[in-house]
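File shown: structure_32.txt. Contents: compact mmCIF, C-alpha atoms and all ligand atoms.
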# COMPACT_ATOMS: atom_id res chain seq x y z
CA MET S 1 219.25 17.95 18.91
CA ARG S 2 222.02 15.98 20.59
CA THR S 3 223.18 14.60 17.24
CA LEU S 4 223.19 18.13 15.87
CA ILE S 5 225.46 19.38 18.68
CA ILE S 6 227.83 16.44 18.26
CA GLY S 7 227.85 17.14 14.54
CA LEU S 8 228.74 20.79 15.18
CA VAL S 9 231.53 19.91 17.61
CA ALA S 10 232.95 17.36 15.17
CA GLY S 11 232.84 20.02 12.46
CA LEU S 12 234.67 22.52 14.67
CA MET S 13 237.31 19.93 15.58
CA ALA S 14 237.82 19.08 11.92
CA SER S 15 238.36 22.72 11.03
CA THR S 16 240.75 23.19 13.98
CA ALA S 17 242.73 20.12 12.98
CA ALA S 18 243.02 21.37 9.41
CA ALA S 19 244.30 24.81 10.46
CA GLU S 20 248.07 25.16 10.22
CA THR S 21 249.61 27.48 12.78
CA THR S 22 253.20 28.72 12.89
CA VAL S 23 254.55 30.67 15.85
CA ILE S 24 257.55 32.92 15.12
CA HIS S 25 259.81 34.22 17.90
CA ALA S 26 262.15 37.11 17.01
CA ASP S 27 264.13 39.79 18.83
CA GLY S 28 262.57 42.67 16.92
CA VAL S 29 259.61 43.40 14.65
CA ILE S 30 259.12 46.26 12.22
CA THR S 31 255.38 46.03 11.72
CA ASP S 32 255.23 49.04 9.41
CA ALA S 33 258.01 51.23 7.93
CA ASP S 34 256.35 54.26 9.56
CA ALA S 35 255.84 52.76 13.04
CA LYS S 36 258.19 52.46 16.01
CA PRO S 37 259.85 49.00 15.92
CA MET S 38 258.89 46.43 18.58
CA GLY S 39 261.44 44.51 20.65
CA ARG S 40 261.30 40.78 21.37
CA ALA S 41 257.94 39.50 20.06
CA THR S 42 255.85 36.57 18.88
CA VAL S 43 254.06 36.58 15.53
CA THR S 44 251.40 33.92 15.05
CA VAL S 45 250.43 32.80 11.56
CA THR S 46 247.44 30.58 10.78
CA ASP S 47 246.62 29.30 7.30
CA GLY S 48 248.81 31.85 5.56
CA ARG S 49 247.55 34.89 7.49
CA ILE S 50 249.01 36.84 10.37
CA VAL S 51 246.77 36.35 13.40
CA SER S 52 248.57 38.24 16.16
CA ILE S 53 251.74 40.10 17.15
CA GLU S 54 252.48 40.00 20.89
CA GLU S 55 255.30 41.40 23.00
CA GLY S 56 257.73 38.79 24.36
CA TRP S 57 258.02 35.13 23.44
CA SER S 58 254.73 33.40 24.11
CA ALA S 59 254.20 29.66 24.48
CA VAL S 60 253.68 27.53 21.39
CA PRO S 61 250.18 25.99 21.30
CA GLU S 62 249.92 22.24 20.81
CA GLY S 63 250.07 21.20 17.17
CA ALA S 64 251.63 24.49 16.02
CA SER S 65 255.05 24.62 14.40
CA MET S 66 257.67 26.95 15.71
CA VAL S 67 260.30 29.18 14.10
CA HIS S 68 262.89 30.57 16.50
CA LEU S 69 264.76 33.60 15.11
CA GLU S 70 266.84 34.78 18.04
CA GLY S 71 268.81 37.95 17.30
CA LYS S 72 266.81 38.61 14.11
CA THR S 73 264.40 41.40 13.16
CA LEU S 74 261.17 40.58 11.31
CA VAL S 75 260.34 42.94 8.46
CA PRO S 76 257.33 42.99 6.10
CA GLY S 77 258.15 41.08 2.88
CA LEU S 78 259.62 43.37 0.21
CA ILE S 79 257.85 44.34 -3.02
CA ASP S 80 259.66 44.94 -6.33
CA LEU S 81 257.40 46.76 -8.80
CA HIS S 82 259.59 46.14 -11.85
CA THR S 83 261.01 42.70 -12.65
CA HIS S 84 261.36 40.39 -15.66
CA LEU S 85 261.51 36.96 -14.00
CA SER S 86 261.39 35.00 -17.25
CA GLY S 87 264.77 36.24 -18.44
CA ASP S 88 268.43 36.52 -17.44
CA PRO S 89 270.76 39.38 -18.48
CA SER S 90 272.26 39.07 -21.93
CA GLY S 91 273.95 41.45 -24.34
CA GLU S 92 273.67 38.88 -27.12
CA PHE S 93 270.44 40.11 -28.66
CA TRP S 94 270.49 37.39 -31.34
CA ARG S 95 269.63 34.88 -28.63
CA THR S 96 266.05 36.14 -29.01
CA ALA S 97 266.03 34.15 -32.25
CA THR S 98 267.55 30.99 -30.78
CA THR S 99 265.84 30.68 -27.37
CA PRO S 100 262.62 28.66 -27.26
CA PRO S 101 259.80 29.70 -24.87
CA GLU S 102 260.38 26.50 -22.86
CA TRP S 103 263.78 27.85 -21.82
CA LYS S 104 262.12 31.04 -20.52
CA VAL S 105 259.95 28.84 -18.28
CA ILE S 106 263.03 27.23 -16.78
CA GLU S 107 264.68 30.60 -16.22
CA GLY S 108 261.46 31.87 -14.67
CA VAL S 109 261.25 29.01 -12.15
CA LYS S 110 264.90 29.52 -11.15
CA ASN S 111 264.48 33.30 -10.83
CA ALA S 112 261.25 33.10 -8.84
CA ARG S 113 263.07 31.19 -6.09
CA LEU S 114 266.13 33.48 -6.15
CA THR S 115 263.87 36.52 -5.86
CA ALA S 116 261.95 35.05 -2.95
CA LEU S 117 265.14 34.06 -1.10
CA ALA S 118 266.33 37.67 -1.51
CA GLY S 119 263.32 38.78 0.57
CA PHE S 120 261.04 39.89 -2.25
CA THR S 121 257.67 38.35 -1.48
CA THR S 122 255.71 40.16 -4.20
CA VAL S 123 256.81 41.31 -7.65
CA ARG S 124 255.09 43.21 -10.42
CA ASP S 125 256.49 41.57 -13.53
CA VAL S 126 256.33 44.03 -16.41
CA GLY S 127 257.08 42.35 -19.70
CA SER S 128 257.88 38.82 -20.79
CA ARG S 129 258.97 37.69 -24.25
CA THR S 130 256.72 34.65 -24.14
CA ASP S 131 252.97 34.44 -24.04
CA GLN S 132 251.84 32.56 -20.93
CA VAL S 133 255.03 32.03 -18.92
CA MET S 134 254.35 34.65 -16.27
CA GLN S 135 250.67 33.78 -15.95
CA SER S 136 251.68 30.13 -15.37
CA LEU S 137 254.41 31.08 -12.89
CA ARG S 138 251.90 33.31 -11.06
CA ARG S 139 249.68 30.27 -10.59
CA ALA S 140 252.57 27.98 -9.58
CA THR S 141 253.85 30.33 -6.84
CA GLU S 142 250.31 30.97 -5.60
CA ILE S 143 249.61 27.30 -4.94
CA GLY S 144 253.17 26.65 -3.69
CA MET S 145 254.20 24.31 -6.50
CA VAL S 146 257.16 26.57 -7.27
CA PRO S 147 258.88 28.56 -4.50
CA GLY S 148 258.59 32.21 -5.45
CA PRO S 149 256.96 35.56 -4.82
CA ARG S 150 253.36 36.58 -5.37
CA ILE S 151 253.32 37.69 -9.01
CA ILE S 152 251.37 40.57 -10.54
CA THR S 153 252.03 40.38 -14.27
CA SER S 154 251.46 42.38 -17.43
CA GLY S 155 252.30 39.40 -19.64
CA ARG S 156 253.48 40.95 -22.92
CA THR S 157 254.50 44.58 -23.38
CA ILE S 158 252.58 46.75 -25.84
CA SER S 159 254.81 48.84 -28.11
CA ILE S 160 254.79 50.62 -31.45
CA VAL S 161 255.89 48.81 -34.61
CA GLY S 162 259.70 48.89 -34.53
CA GLY S 163 259.73 50.29 -30.99
CA HIS S 164 261.30 49.10 -27.75
CA GLY S 165 259.60 45.75 -27.17
CA ASP S 166 259.30 44.84 -30.86
CA TYR S 167 261.81 41.98 -30.89
CA GLY S 168 262.12 41.98 -34.67
CA ASN S 169 264.43 45.03 -34.39
CA GLY S 170 267.91 44.33 -35.73
CA PHE S 171 266.92 41.10 -37.50
CA ARG S 172 266.18 40.25 -41.17
CA LYS S 173 262.57 40.97 -41.97
CA GLU S 174 261.92 37.32 -42.84
CA LEU S 175 262.34 36.55 -39.11
CA ASP S 176 259.75 39.09 -38.05
CA PRO S 177 256.78 36.69 -38.00
CA VAL S 178 258.67 34.53 -35.48
CA LEU S 179 260.11 37.29 -33.33
CA THR S 180 257.27 39.80 -33.17
CA THR S 181 255.23 39.58 -30.00
CA GLY S 182 251.92 40.32 -31.68
CA PHE S 183 251.52 43.18 -29.21
CA ASN S 184 252.63 46.06 -31.44
CA CYS S 185 249.91 48.49 -32.48
CA THR S 186 249.16 51.51 -34.66
CA GLY S 187 246.18 53.79 -34.08
CA GLU S 188 243.57 54.04 -31.36
CA VAL S 189 241.52 51.01 -32.45
CA GLU S 190 244.39 48.56 -32.77
CA CYS S 191 245.97 49.74 -29.50
CA ALA S 192 242.66 49.27 -27.66
CA GLU S 193 242.43 45.79 -29.18
CA LYS S 194 245.89 44.83 -27.86
CA VAL S 195 244.92 45.97 -24.35
CA ARG S 196 241.83 43.74 -24.51
CA LEU S 197 243.94 40.87 -25.81
CA ALA S 198 246.39 41.27 -22.91
CA SER S 199 243.43 41.22 -20.52
CA LYS S 200 242.04 38.11 -22.22
CA TYR S 201 245.37 36.31 -21.70
CA GLY S 202 245.32 37.07 -17.98
CA ALA S 203 247.27 40.32 -17.51
CA ASP S 204 246.95 41.98 -14.10
CA LEU S 205 248.09 45.31 -15.54
CA ILE S 206 249.09 46.76 -18.91
CA LYS S 207 252.73 47.58 -19.71
CA ILE S 208 253.59 49.89 -22.58
CA THR S 209 256.87 51.28 -23.88
CA ALA S 210 255.97 54.97 -24.14
CA THR S 211 259.44 55.89 -25.41
CA GLY S 212 262.47 54.23 -26.95
CA GLY S 213 264.51 51.93 -24.73
CA VAL S 214 268.16 51.35 -23.96
CA LEU S 215 268.68 47.60 -24.41
CA SER S 216 266.90 47.10 -27.74
CA GLN S 217 268.36 47.39 -31.22
CA GLN S 218 265.92 50.13 -32.25
CA GLY S 219 268.11 53.12 -33.02
CA ARG S 220 265.54 55.91 -32.88
CA GLY S 221 266.58 57.45 -29.57
CA LEU S 222 264.71 57.60 -26.29
CA GLU S 223 261.84 60.01 -26.89
CA ALA S 224 258.06 59.50 -27.18
CA HIS S 225 256.83 56.62 -29.35
CA PHE S 226 253.03 56.43 -29.18
CA SER S 227 250.82 59.32 -30.33
CA ASP S 228 248.79 61.05 -27.59
CA ALA S 229 245.61 59.54 -29.05
CA GLU S 230 247.08 56.01 -28.94
CA MET S 231 248.16 56.39 -25.31
CA ARG S 232 244.79 57.79 -24.26
CA SER S 233 243.11 54.86 -26.00
CA ILE S 234 245.37 52.40 -24.14
CA VAL S 235 244.68 54.01 -20.74
CA THR S 236 240.90 54.36 -21.12
CA THR S 237 240.58 50.79 -22.45
CA ALA S 238 242.71 49.45 -19.60
CA GLU S 239 240.67 51.39 -17.03
CA SER S 240 237.42 50.04 -18.52
CA LEU S 241 238.80 46.57 -17.72
CA GLY S 242 239.94 47.55 -14.21
CA LEU S 243 243.61 47.50 -15.19
CA LYS S 244 246.33 50.06 -14.46
CA VAL S 245 248.99 51.06 -16.98
CA ALA S 246 252.75 51.06 -16.39
CA ALA S 247 254.72 53.05 -18.96
CA HIS S 248 258.39 52.55 -19.68
CA ALA S 249 259.66 56.09 -20.43
CA HIS S 250 263.07 57.78 -20.66
CA GLY S 251 262.68 61.05 -22.63
CA ALA S 252 261.12 64.00 -20.76
CA ARG S 253 258.42 64.74 -23.36
CA GLY S 254 257.55 61.04 -23.49
CA ILE S 255 257.20 60.99 -19.68
CA GLU S 256 255.04 64.12 -19.80
CA ALA S 257 252.78 62.74 -22.57
CA ALA S 258 252.33 59.40 -20.77
CA ALA S 259 251.46 61.14 -17.49
CA ARG S 260 248.95 63.43 -19.26
CA ALA S 261 247.39 60.36 -20.92
CA GLY S 262 246.78 58.99 -17.40
CA VAL S 263 249.28 56.12 -17.02
CA HIS S 264 249.69 55.10 -13.37
CA THR S 265 253.45 54.59 -13.16
CA ILE S 266 256.47 55.80 -15.13
CA GLU S 267 259.23 53.21 -15.27
CA HIS S 268 262.86 54.55 -15.33
CA GLY S 269 262.05 58.27 -15.87
CA THR S 270 265.65 59.05 -16.86
CA TYR S 271 265.34 62.55 -18.34
CA LEU S 272 262.61 63.75 -15.96
CA ASP S 273 262.47 67.55 -16.03
CA GLU S 274 260.34 70.05 -14.14
CA ARG S 275 257.59 70.13 -16.79
CA ALA S 276 257.31 66.34 -16.92
CA ALA S 277 257.34 66.23 -13.10
CA ARG S 278 254.43 68.70 -12.99
CA ALA S 279 252.43 66.46 -15.36
CA MET S 280 253.15 63.47 -13.09
CA ARG S 281 252.18 65.37 -9.95
CA GLU S 282 248.94 66.67 -11.48
CA ASN S 283 247.93 63.19 -12.65
CA GLY S 284 249.03 61.30 -9.52
CA THR S 285 251.65 59.34 -11.47
CA THR S 286 254.30 57.45 -9.48
CA LEU S 287 257.92 57.03 -10.57
CA ILE S 288 259.57 53.58 -10.44
CA PRO S 289 263.24 54.54 -10.80
CA THR S 290 264.97 51.14 -11.43
CA LEU S 291 268.41 52.45 -10.42
CA MET S 292 269.82 48.90 -10.32
CA ALA S 293 269.20 48.60 -14.06
CA PHE S 294 271.39 51.61 -14.82
CA GLU S 295 274.04 50.28 -12.43
CA GLY S 296 273.90 46.78 -13.96
CA ILE S 297 274.30 47.84 -17.58
CA LYS S 298 277.11 50.33 -16.87
CA LYS S 299 279.38 47.47 -15.74
CA ASN S 300 279.54 45.96 -19.25
CA LEU S 301 280.42 49.19 -21.10
CA GLY S 302 283.45 49.06 -23.40
CA THR S 303 283.70 45.27 -23.27
CA GLY S 304 281.97 44.47 -26.57
CA TYR S 305 279.09 42.92 -24.60
CA TYR S 306 276.54 45.28 -26.20
CA THR S 307 276.08 46.24 -29.86
CA PRO S 308 277.27 49.78 -30.80
CA VAL S 309 273.69 51.12 -30.98
CA VAL S 310 272.98 49.91 -27.42
CA GLU S 311 276.37 51.03 -26.10
CA GLY S 312 275.64 54.58 -27.34
CA LYS S 313 272.29 54.68 -25.54
CA ILE S 314 273.79 53.37 -22.29
CA ARG S 315 276.43 56.11 -22.33
CA ALA S 316 273.68 58.71 -22.90
CA VAL S 317 271.51 57.65 -19.92
CA SER S 318 274.21 56.70 -17.42
CA GLU S 319 275.04 60.20 -16.19
CA TYR S 320 271.37 60.87 -15.34
CA ALA S 321 270.89 57.78 -13.16
CA SER S 322 272.54 59.26 -10.09
CA THR S 323 269.93 62.06 -9.83
CA ILE S 324 266.61 60.55 -11.01
CA VAL S 325 265.15 60.07 -7.54
CA GLU S 326 266.59 63.30 -6.19
CA ARG S 327 264.94 65.24 -9.06
CA ALA S 328 261.60 63.47 -8.67
CA ARG S 329 261.42 64.16 -4.94
CA ARG S 330 262.53 67.77 -5.31
CA TRP S 331 259.59 68.29 -7.71
CA GLY S 332 257.07 66.45 -5.52
CA VAL S 333 256.74 63.21 -7.51
CA ASN S 334 255.86 60.05 -5.57
CA VAL S 335 258.55 57.33 -5.84
CA ALA S 336 258.05 53.58 -5.30
CA PHE S 337 260.49 50.68 -5.36
CA GLY S 338 261.34 48.81 -8.57
CA THR S 339 264.61 47.46 -9.93
CA ASP S 340 264.29 45.98 -13.46
CA ALA S 341 265.76 42.65 -12.26
CA GLY S 342 266.50 40.62 -15.36
CA VAL S 343 268.60 43.48 -16.75
CA PHE S 344 270.95 42.60 -13.85
CA PRO S 345 271.03 39.16 -12.13
CA HIS S 346 267.86 38.17 -10.24
CA GLY S 347 268.27 38.01 -6.46
CA GLU S 348 270.33 41.23 -6.30
CA ASN S 349 267.17 43.39 -6.11
CA ALA S 350 267.98 44.77 -2.64
CA GLY S 351 271.02 46.55 -4.11
CA GLU S 352 268.46 49.25 -4.98
CA PHE S 353 268.34 50.40 -1.32
CA ALA S 354 271.95 51.68 -1.36
CA LEU S 355 271.28 53.51 -4.63
CA LEU S 356 268.08 55.10 -3.27
CA LYS S 357 270.08 56.28 -0.25
CA ALA S 358 272.80 57.69 -2.54
CA ASN S 359 269.96 59.51 -4.37
CA GLY S 360 269.05 61.23 -1.08
CA MET S 361 266.32 58.95 0.31
CA SER S 362 266.23 58.19 4.05
CA ASP S 363 266.41 54.56 5.25
CA ARG S 364 262.83 54.77 6.49
CA ASP S 365 261.53 56.18 3.17
CA ALA S 366 263.48 53.54 1.24
CA LEU S 367 261.87 50.72 3.28
CA ALA S 368 258.42 52.32 2.94
CA SER S 369 258.89 52.57 -0.84
CA ALA S 370 259.38 48.77 -0.99
CA THR S 371 256.57 47.89 1.45
CA THR S 372 253.56 50.15 2.21
CA GLY S 373 254.30 52.49 -0.72
CA ALA S 374 254.65 49.70 -3.27
CA ALA S 375 251.58 47.85 -1.93
CA LYS S 376 249.49 50.96 -2.63
CA ILE S 377 250.61 51.06 -6.29
CA ILE S 378 249.20 47.57 -6.89
CA GLY S 379 246.08 48.24 -4.81
CA MET S 380 247.05 45.70 -2.13
CA GLU S 381 247.66 48.00 0.84
CA GLY S 382 245.17 46.04 2.95
CA GLU S 383 246.89 42.72 2.17
CA ILE S 384 250.69 43.14 2.04
CA GLY S 385 253.43 45.61 3.07
CA ARG S 386 252.81 45.39 6.83
CA ILE S 387 253.04 42.82 9.60
CA ALA S 388 249.51 43.20 10.92
CA PRO S 389 246.62 40.92 11.92
CA GLY S 390 244.62 39.83 8.88
CA TYR S 391 247.47 40.52 6.44
CA SER S 392 249.06 37.84 4.27
CA ALA S 393 251.96 36.22 6.14
CA ASP S 394 254.69 37.69 3.93
CA ILE S 395 257.54 38.13 6.41
CA ILE S 396 261.34 38.21 6.20
CA ALA S 397 264.07 38.19 8.87
CA VAL S 398 267.35 40.12 8.86
CA ASP S 399 270.19 41.07 11.20
CA GLY S 400 270.12 44.70 12.32
CA ASN S 401 267.56 47.43 11.81
CA PRO S 402 266.65 48.47 8.24
CA LEU S 403 265.15 51.73 9.58
CA GLU S 404 268.70 52.73 10.59
CA ASP S 405 270.41 51.15 7.57
CA ALA S 406 268.24 49.83 4.74
CA THR S 407 271.22 48.01 3.19
CA VAL S 408 270.90 45.26 5.87
CA LEU S 409 268.11 44.06 3.54
CA GLU S 410 270.81 42.87 1.11
CA ASP S 411 271.30 39.87 3.40
CA VAL S 412 267.99 38.16 4.20
CA ASP S 413 268.14 35.12 6.49
CA TRP S 414 264.60 33.76 6.41
CA VAL S 415 261.56 34.23 4.18
CA MET S 416 257.89 33.35 4.55
CA ILE S 417 255.40 33.97 1.73
CA ARG S 418 251.66 33.38 2.24
CA GLY S 419 252.59 31.44 5.38
CA ARG S 420 255.00 29.11 3.56
CA VAL S 421 258.71 29.16 4.44
CA ILE S 422 260.87 29.45 1.30
CA GLU S 423 263.75 26.95 1.25
ZN ZN F 501 262.09 46.55 -17.55
So, in terms of structure tokens, how does the structure I just supplied come out?
Amino acid sequence: MRTLIIGLVAGLMASTAAAETTVIHADGVITDADAKPMGRATVTVTDGRIVSIEEGWSAVPEGASMVHLEGKTLVPGLIDLHTHLSGDPSGEFWRTATTPPEWKVIEGVKNARLTALAGFTTVRDVGSRTDQVMQSLRRATEIGMVPGPRIITSGRTISIVGGHGDYGNGFRKELDPVLTTGFNCTGEVECAEKVRLASKYGADLIKITATGGVLSQQGRGLEAHFSDAEMRSIVTTAESLGLKVAAHAHGARGIEAAARAGVHTIEHGTYLDERAARAMRENGTTLIPTLMAFEGIKKNLGTGYYTPVVEGKIRAVSEYASTIVERARRWGVNVAFGTDAGVFPHGENAGEFALLKANGMSDRDALASATTGAAKIIGMEGEIGRIAPGYSADIIAVDGNPLEDATVLEDVDWVMIRGRVIE
């Protein structure tokens, strides 16, 4: 019996010794975008999880490390629901034919760190040009080998033949076997097969291009691409595998058709009209507006940076960008935070807050859209988006109060993801 007790005590001591505790002192804590902020407080983190939040600065237990953030406010780590970490902005579409997948890995590692340092502790990465880059980066940031956010990834994007996402567009047909992603499909059976293939390769969600897109060489406009039957096949197959579907969509009828087919989020939503908004409302579809993407591409207009076909599409969508969110909210559509980083430089994601405000969103709603609201979209509302006991220790520190001015989030001073401080 005595040996047993000693054994138990030794076991307990071993587990205590192994536990890593960090005590964070700050002058303010926003535990939840919808709660009243706390003043000076102590947040204790053990083994990557938040254990407690107490008023005042409490003593640091022996063996714990300490982070002193005097004058700073702690905020739940931000969530960007629309990024492309494995790519940097480029108007030179021919680079698709000259860039090896290995280079996308290097860009991805660089961008993961930049994104984390900007305060984004989770991203939903919706479309990579290479097969396993994002799945590998997801693993590397999870175990801490590469500094970066928690990654939820679709891997490849599923599109129609010759649609937005078919990288053979604009090239000689002899190059098609090299440039095609293998994730184009025609008909219900083939589209279901591509969803299963994406799942097999480790996708956390399915991304489709439901309409034409702005930055591709396909010149067929911005309306619906898939047939209704194809989209329904994609959604039901994805749901049978426990996966949600994110649909890139610009044209109003394409948005409406995707919402009726049951996709979970509409990305961009440029030409949203009242009819499309009703379809979204009735199907519980959320809009991810990506205002930073529109802002980013506008800057290069008239400089010869884009090909004429792309330049024409940018001019067509630009005037709608300033009212996307305002329209969605007026018609009762839920909006969550996503930027399309990769279309503009990674690390500038928080620029979206100023644009959401200019689109009529309050500071509090803007912060909620990037924390609790975004967490709900990826089914992680019990894990991230709040500073609360039991939640993952995804915490950032800023000067000022983002509930009074969300643009203070453009300058993040300190970042912790899963209990690890990002350097
Ligand atoms: Zn995108």
Kindly indicate which residue among S:Glu352, S:Asp80, S:Glu410, S:Glu383 lies nearest to Asp125 in chain S, using only C-alpha atoms for the distances. S:Asp80
CA of Val133 in chain S to CA of Glu107 in chain S measures 10.1 Å
Which residues of chain S have any atom within 10 Å of an atom in ligand ZN 501 (chain F) when counting all atoms listed in the file, and what is the closest pair of atoms for each, with the distance in Å to one decimal? Order the rows by chain and rising number and write it as CSV.
residue,atom,partner,partner_atom,distance
S:Leu81,CA,F:ZN501,ZN,9.9
S:His82,CA,F:ZN501,ZN,6.2
S:Thr83,CA,F:ZN501,ZN,6.3
S:His84,CA,F:ZN501,ZN,6.5
S:Asp125,CA,F:ZN501,ZN,8.5
S:Val126,CA,F:ZN501,ZN,6.4
S:Gly127,CA,F:ZN501,ZN,6.9
S:Ser128,CA,F:ZN501,ZN,9.4
S:Thr157,CA,F:ZN501,ZN,9.8
S:Gly165,CA,F:ZN501,ZN,10.0
S:Lys207,CA,F:ZN501,ZN,9.7
S:Thr209,CA,F:ZN501,ZN,9.5
S:Gly213,CA,F:ZN501,ZN,9.3
S:Leu215,CA,F:ZN501,ZN,9.6
S:Ala247,CA,F:ZN501,ZN,9.9
S:His248,CA,F:ZN501,ZN,7.4
S:Glu267,CA,F:ZN501,ZN,7.6
S:His268,CA,F:ZN501,ZN,8.3
S:Thr290,CA,F:ZN501,ZN,8.2
S:Ala293,CA,F:ZN501,ZN,8.2
S:Gly338,CA,F:ZN501,ZN,9.3
S:Thr339,CA,F:ZN501,ZN,8.1
S:Asp340,CA,F:ZN501,ZN,4.7
S:Ala341,CA,F:ZN501,ZN,7.5
S:Gly342,CA,F:ZN501,ZN,7.7
S:Val343,CA,F:ZN501,ZN,7.2
Close residues, Trp57 in chain S itself excluded, 12 Å, only C-alpha atoms, min 6 positions apart in chain, as a PyMOL selection string: chain S and resi 23-28+39-44+66-70
Restricting it to C-alpha atoms, dump the selection as a short mmCIF file (atom, residue, chain, number, x, y, z; two decimals), in the frame of the given file.
data_model
loop_
_atom_site.label_atom_id
_atom_site.label_comp_id
_atom_site.auth_asym_id
_atom_site.auth_seq_id
_atom_site.Cartn_x
_atom_site.Cartn_y
_atom_site.Cartn_z
CA VAL S 23 254.55 30.67 15.85
CA ILE S 24 257.55 32.92 15.12
CA HIS S 25 259.81 34.22 17.90
CA ALA S 26 262.15 37.11 17.01
CA ASP S 27 264.13 39.79 18.83
CA GLY S 28 262.57 42.67 16.92
CA GLY S 39 261.44 44.51 20.65
CA ARG S 40 261.30 40.78 21.37
CA ALA S 41 257.94 39.50 20.06
CA THR S 42 255.85 36.57 18.88
CA VAL S 43 254.06 36.58 15.53
CA THR S 44 251.40 33.92 15.05
CA MET S 66 257.67 26.95 15.71
CA VAL S 67 260.30 29.18 14.10
CA HIS S 68 262.89 30.57 16.50
CA LEU S 69 264.76 33.60 15.11
CA GLU S 70 266.84 34.78 18.04
#
Counting all atoms listed in the file, which residue out of S:Glu295, S:Asp411, S:Asp405, S:Glu423 sits closest to Arg315 in chain S?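 Smallest separation from Arg315 in chain S among the options: S:Glu295.
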Using the structure block above, produce a file of range 171-186 of chain S that contains N, CA and C atoms, as a tab-separated table (two decimals), in the first residue's frame.
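Generated file (selection-v6.tsv):
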chain	number	residue	atom	x	y	z
S	171	PHE	N	-3.20	29.99	-71.14
S	171	PHE	CA	-1.96	29.35	-71.59
S	171	PHE	C	-2.23	28.45	-72.79
S	172	ARG	N	-1.18	28.11	-73.55
S	172	ARG	CA	-1.30	27.13	-74.65
S	172	ARG	C	-1.83	25.82	-74.09
S	173	LYS	N	-2.63	25.13	-74.90
S	173	LYS	CA	-3.26	23.92	-74.37
S	173	LYS	C	-2.26	22.81	-74.05
S	174	GLU	N	-1.07	22.86	-74.68
S	174	GLU	CA	-0.06	21.84	-74.38
S	174	GLU	C	0.40	21.93	-72.92
S	175	LEU	N	0.21	23.11	-72.29
S	175	LEU	CA	0.66	23.28	-70.90
S	175	LEU	C	-0.39	22.81	-69.89
S	176	ASP	N	-1.58	22.55	-70.40
S	176	ASP	CA	-2.69	22.22	-69.50
S	176	ASP	C	-2.41	21.05	-68.54
S	177	PRO	N	-1.80	19.97	-69.05
S	177	PRO	CA	-1.55	18.85	-68.13
S	177	PRO	C	-0.68	19.24	-66.93
S	178	VAL	N	0.18	20.25	-67.11
S	178	VAL	CA	1.06	20.68	-66.02
S	178	VAL	C	0.33	21.65	-65.09
S	179	LEU	N	-0.47	22.53	-65.70
S	179	LEU	CA	-1.07	23.62	-64.92
S	179	LEU	C	-2.40	23.26	-64.26
S	180	THR	N	-3.13	22.33	-64.84
S	180	THR	CA	-4.44	22.01	-64.27
S	180	THR	C	-4.28	21.43	-62.88
S	181	THR	N	-5.23	21.72	-62.02
S	181	THR	CA	-5.11	21.28	-60.63
S	181	THR	C	-5.59	19.85	-60.45
S	182	GLY	N	-6.33	19.35	-61.43
S	182	GLY	CA	-6.94	18.03	-61.27
S	182	GLY	C	-8.22	18.11	-60.45
S	183	PHE	N	-8.63	19.33	-60.10
S	183	PHE	CA	-9.84	19.50	-59.30
S	183	PHE	C	-10.92	20.26	-60.07
S	184	ASN	N	-10.91	20.14	-61.41
S	184	ASN	CA	-12.02	20.63	-62.21
S	184	ASN	C	-13.00	19.48	-62.35
S	185	CYS	N	-14.30	19.78	-62.54
S	185	CYS	CA	-15.24	18.68	-62.71
S	185	CYS	C	-16.43	19.07	-63.56
S	186	THR	N	-17.03	18.07	-64.20
S	186	THR	CA	-18.24	18.25	-65.00
S	186	THR	C	-19.23	17.16	-64.63
